[in-house]
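Quick look at model-v6.txt (compact mmCIF, N, CA and C atoms):
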# COMPACT_ATOMS: atom_id res chain seq x y z
N MET A 1 51.61 30.78 23.16
CA MET A 1 51.65 29.87 24.29
C MET A 1 50.35 29.06 24.42
N LYS A 2 49.26 29.64 23.95
CA LYS A 2 47.99 28.94 24.12
C LYS A 2 48.03 27.55 23.48
N THR A 3 48.73 27.42 22.35
CA THR A 3 48.84 26.12 21.70
C THR A 3 49.53 25.12 22.61
N ILE A 4 50.59 25.56 23.27
CA ILE A 4 51.32 24.68 24.22
C ILE A 4 50.40 24.28 25.36
N HIS A 5 49.69 25.25 25.91
CA HIS A 5 48.79 24.97 27.03
C HIS A 5 47.69 24.00 26.63
N LEU A 6 47.11 24.20 25.45
CA LEU A 6 46.05 23.31 24.98
C LEU A 6 46.59 21.89 24.74
N GLN A 7 47.78 21.80 24.19
CA GLN A 7 48.38 20.48 23.97
C GLN A 7 48.64 19.79 25.30
N ALA A 8 49.14 20.52 26.28
CA ALA A 8 49.36 19.94 27.61
C ALA A 8 48.04 19.45 28.19
N LEU A 9 46.98 20.23 28.03
CA LEU A 9 45.67 19.84 28.52
C LEU A 9 45.20 18.55 27.86
N ARG A 10 45.41 18.43 26.55
CA ARG A 10 45.03 17.19 25.85
C ARG A 10 45.82 15.99 26.39
N PHE A 11 47.11 16.21 26.62
CA PHE A 11 47.92 15.13 27.20
C PHE A 11 47.36 14.72 28.57
N ILE A 12 47.04 15.71 29.39
CA ILE A 12 46.52 15.42 30.74
C ILE A 12 45.21 14.64 30.63
N GLN A 13 44.33 15.08 29.75
CA GLN A 13 43.03 14.41 29.60
C GLN A 13 43.18 12.98 29.10
N ASN A 14 44.28 12.69 28.42
CA ASN A 14 44.56 11.33 27.93
C ASN A 14 45.49 10.56 28.86
N ASN A 15 45.68 11.08 30.08
CA ASN A 15 46.55 10.46 31.08
C ASN A 15 47.99 10.31 30.60
N GLU A 16 48.41 11.21 29.74
CA GLU A 16 49.80 11.22 29.26
C GLU A 16 50.55 12.30 30.05
N TRP A 17 50.68 12.06 31.34
CA TRP A 17 51.25 13.06 32.24
C TRP A 17 52.71 13.36 31.91
N ASP A 18 53.47 12.33 31.56
CA ASP A 18 54.89 12.57 31.23
C ASP A 18 55.03 13.48 30.01
N ALA A 19 54.18 13.26 29.02
CA ALA A 19 54.25 14.10 27.81
C ALA A 19 53.88 15.54 28.16
N ALA A 20 52.85 15.72 28.98
CA ALA A 20 52.47 17.07 29.39
C ALA A 20 53.59 17.72 30.19
N HIS A 21 54.20 16.97 31.05
CA HIS A 21 55.30 17.48 31.88
C HIS A 21 56.47 17.94 31.01
N ARG A 22 56.86 17.09 30.06
CA ARG A 22 57.97 17.46 29.16
C ARG A 22 57.63 18.72 28.36
N LEU A 23 56.38 18.86 27.99
CA LEU A 23 55.96 19.99 27.18
C LEU A 23 56.07 21.32 27.93
N VAL A 24 55.68 21.36 29.20
CA VAL A 24 55.62 22.64 29.92
C VAL A 24 56.80 22.93 30.83
N GLN A 25 57.62 21.95 31.12
CA GLN A 25 58.63 22.11 32.17
C GLN A 25 59.65 23.22 31.92
N ASP A 26 59.90 23.57 30.69
CA ASP A 26 60.92 24.60 30.42
C ASP A 26 60.36 26.00 30.23
N TYR A 27 59.04 26.13 30.30
CA TYR A 27 58.41 27.45 30.13
C TYR A 27 58.23 28.12 31.49
N THR A 28 58.35 29.44 31.50
CA THR A 28 58.28 30.17 32.77
C THR A 28 57.04 31.04 32.90
N ASP A 29 56.14 30.99 31.93
CA ASP A 29 54.92 31.78 32.06
C ASP A 29 54.04 31.18 33.16
N PRO A 30 53.21 32.00 33.79
CA PRO A 30 52.42 31.52 34.93
C PRO A 30 51.55 30.30 34.62
N LEU A 31 50.93 30.25 33.48
CA LEU A 31 50.04 29.13 33.19
C LEU A 31 50.81 27.83 32.99
N SER A 32 51.97 27.90 32.37
CA SER A 32 52.81 26.69 32.24
C SER A 32 53.25 26.21 33.61
N ARG A 33 53.59 27.14 34.47
CA ARG A 33 53.99 26.76 35.83
C ARG A 33 52.82 26.17 36.61
N GLN A 34 51.62 26.69 36.38
CA GLN A 34 50.45 26.14 37.04
C GLN A 34 50.18 24.72 36.54
N ILE A 35 50.29 24.51 35.25
CA ILE A 35 50.13 23.17 34.70
C ILE A 35 51.18 22.23 35.27
N HIS A 36 52.41 22.71 35.34
CA HIS A 36 53.51 21.92 35.90
C HIS A 36 53.19 21.53 37.35
N GLY A 37 52.75 22.51 38.12
CA GLY A 37 52.36 22.23 39.50
C GLY A 37 51.22 21.24 39.59
N TYR A 38 50.25 21.40 38.71
CA TYR A 38 49.10 20.49 38.69
C TYR A 38 49.55 19.06 38.43
N LEU A 39 50.48 18.88 37.51
CA LEU A 39 50.97 17.54 37.21
C LEU A 39 51.60 16.89 38.44
N HIS A 40 52.37 17.64 39.19
CA HIS A 40 52.95 17.10 40.42
C HIS A 40 51.85 16.85 41.46
N TYR A 41 50.84 17.70 41.47
CA TYR A 41 49.71 17.55 42.38
C TYR A 41 48.98 16.23 42.13
N ILE A 42 48.66 15.93 40.87
CA ILE A 42 47.93 14.70 40.59
C ILE A 42 48.80 13.47 40.74
N GLU A 43 50.11 13.64 40.69
CA GLU A 43 51.03 12.52 40.93
C GLU A 43 51.23 12.27 42.43
N GLY A 44 50.75 13.20 43.25
CA GLY A 44 50.90 13.06 44.69
C GLY A 44 52.18 13.64 45.24
N ASP A 45 52.96 14.33 44.41
CA ASP A 45 54.21 14.97 44.84
C ASP A 45 53.86 16.39 45.30
N LEU A 46 53.29 16.49 46.50
CA LEU A 46 52.73 17.76 46.96
C LEU A 46 53.80 18.81 47.27
N ASP A 47 54.97 18.39 47.73
CA ASP A 47 56.04 19.37 47.98
C ASP A 47 56.45 20.05 46.68
N ASN A 48 56.64 19.27 45.64
CA ASN A 48 57.03 19.82 44.35
C ASN A 48 55.89 20.64 43.76
N ALA A 49 54.67 20.15 43.89
CA ALA A 49 53.51 20.89 43.40
C ALA A 49 53.42 22.25 44.09
N SER A 50 53.61 22.26 45.40
CA SER A 50 53.56 23.51 46.17
C SER A 50 54.59 24.50 45.66
N TYR A 51 55.78 24.02 45.34
CA TYR A 51 56.84 24.88 44.82
C TYR A 51 56.38 25.60 43.55
N TRP A 52 55.82 24.84 42.60
CA TRP A 52 55.41 25.43 41.33
C TRP A 52 54.25 26.40 41.50
N TYR A 53 53.32 26.08 42.37
CA TYR A 53 52.21 27.00 42.62
C TYR A 53 52.72 28.27 43.32
N ARG A 54 53.64 28.12 44.25
CA ARG A 54 54.19 29.30 44.94
C ARG A 54 54.89 30.24 43.98
N LEU A 55 55.55 29.70 42.95
CA LEU A 55 56.24 30.54 41.97
C LEU A 55 55.29 31.52 41.29
N ILE A 56 54.02 31.17 41.22
CA ILE A 56 53.05 32.06 40.57
C ILE A 56 52.10 32.70 41.58
N GLY A 57 52.47 32.62 42.86
CA GLY A 57 51.69 33.28 43.89
C GLY A 57 50.39 32.59 44.23
N MET A 58 50.31 31.30 44.01
CA MET A 58 49.11 30.54 44.31
C MET A 58 49.40 29.50 45.38
N ALA A 59 48.37 29.18 46.13
CA ALA A 59 48.47 28.10 47.10
C ALA A 59 48.17 26.77 46.42
N LEU A 60 48.65 25.72 47.01
CA LEU A 60 48.34 24.39 46.53
C LEU A 60 46.82 24.22 46.54
N PRO A 61 46.25 23.66 45.49
CA PRO A 61 44.79 23.50 45.45
C PRO A 61 44.27 22.72 46.65
N ASP A 62 43.13 23.15 47.15
CA ASP A 62 42.54 22.42 48.28
C ASP A 62 41.35 21.58 47.85
N GLY A 63 41.02 21.65 46.56
CA GLY A 63 39.94 20.84 46.02
C GLY A 63 40.47 19.56 45.40
N SER A 64 39.61 18.91 44.68
CA SER A 64 39.99 17.66 44.02
C SER A 64 40.81 17.96 42.76
N PRO A 65 41.53 16.96 42.28
CA PRO A 65 42.24 17.14 41.01
C PRO A 65 41.29 17.52 39.87
N GLU A 66 40.08 16.97 39.88
CA GLU A 66 39.10 17.29 38.85
C GLU A 66 38.70 18.76 38.90
N GLU A 67 38.54 19.30 40.11
CA GLU A 67 38.20 20.71 40.25
C GLU A 67 39.34 21.60 39.76
N GLU A 68 40.55 21.21 40.07
CA GLU A 68 41.71 21.99 39.62
C GLU A 68 41.85 21.91 38.10
N LEU A 69 41.55 20.76 37.52
CA LEU A 69 41.61 20.63 36.07
C LEU A 69 40.58 21.55 35.42
N LYS A 70 39.41 21.67 36.01
CA LYS A 70 38.39 22.60 35.50
C LYS A 70 38.90 24.03 35.56
N ARG A 71 39.58 24.37 36.66
CA ARG A 71 40.13 25.73 36.81
C ARG A 71 41.20 25.98 35.75
N LEU A 72 42.04 24.99 35.51
CA LEU A 72 43.08 25.11 34.48
C LEU A 72 42.47 25.26 33.10
N THR A 73 41.47 24.45 32.81
CA THR A 73 40.80 24.51 31.51
C THR A 73 40.21 25.89 31.28
N LYS A 74 39.60 26.44 32.31
CA LYS A 74 39.02 27.79 32.21
C LYS A 74 40.13 28.83 31.97
N ALA A 75 41.23 28.71 32.72
CA ALA A 75 42.33 29.66 32.58
C ALA A 75 42.94 29.59 31.17
N ILE A 76 43.06 28.39 30.63
CA ILE A 76 43.59 28.25 29.28
C ILE A 76 42.65 28.88 28.28
N GLY A 77 41.37 28.71 28.46
CA GLY A 77 40.38 29.29 27.57
C GLY A 77 40.37 30.81 27.60
N GLU A 78 40.80 31.39 28.71
CA GLU A 78 40.81 32.84 28.86
C GLU A 78 42.09 33.48 28.34
N THR A 79 43.09 32.67 27.99
CA THR A 79 44.35 33.25 27.46
C THR A 79 44.16 33.63 26.01
N ASN A 80 45.00 34.54 25.56
CA ASN A 80 44.94 34.98 24.17
C ASN A 80 45.80 34.12 23.29
Could you write out this file's structure as structure tokens?
Amino acid sequence: MKTIHLQALRFIQNNEWDAAHRLVQDYTDPLSRQIHGYLHYIEGDLDNASYWYRLIGMALPDGSPEEELKRLTKAIGETN
């Protein structure tokens, strides 16, 4: 899964949000769901973002999108 997560991160960093969304939308692991939620968060679709974060027991981020991207990057780096 780490390869998928890293590819999604590269898409996000290149502002290819649709590509990142298509990549993670069918996976049910927590990190894919967090990435999915993040994508809705940066698009401004907070209701949908909240849904995806709730699925993994997390609240909608209260920081900036940049701060959340740093948190995601760290989480991806910590996966095996």
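When only C-alpha atoms are used to measure the gap to A:Leu69, the shortest distance among A:Gln7, A:Trp17, A:Tyr27, A:Tyr38 belongs to A:Tyr38.
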(request) To one decimal in Å, tell me the separation between atom C of A:Glu78 and atom CA of A:Arg33. (result) 15.6 Å
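Distances from A:Ile56, A:Ala75, A:Ile12, A:Ile4 to A:Pro30 were compared using only N, CA and C atoms, and the smallest one belongs to A:Ile56.
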(request) Extract, using only N, CA and C atoms, all DNA, RNA and protein residues at most 7 Å from A:His5, discarding same-chain residues fewer than 5 positions from it, and format them as a PyMOL selection string. (result) chain A and resi 10+31-32+76
(request) Could you give me the residues within stretch 8-38 of chain A that DSSP places in helix (DSSP H, G or I), as a ChimeraX atom specification? (result) /A:8-13,17-24,30-38
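For the atom pair formed by atom CA of A:Ile42 and atom CA of A:Thr28, the distance is 20.2 Å, given to one decimal.
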(message) One number please: atom CA of A:Pro65 to atom C of A:Tyr41, in Å, one decimal.
(response) 6.9 Å
(request) Could you give me, as a PyMOL selection string, the residues within 10 Å of A:Trp52, counting only C-alpha atoms and dropping anything in the same chain fewer than 2 positions from it? (result) chain A and resi 30+32-41+46-50+54-60
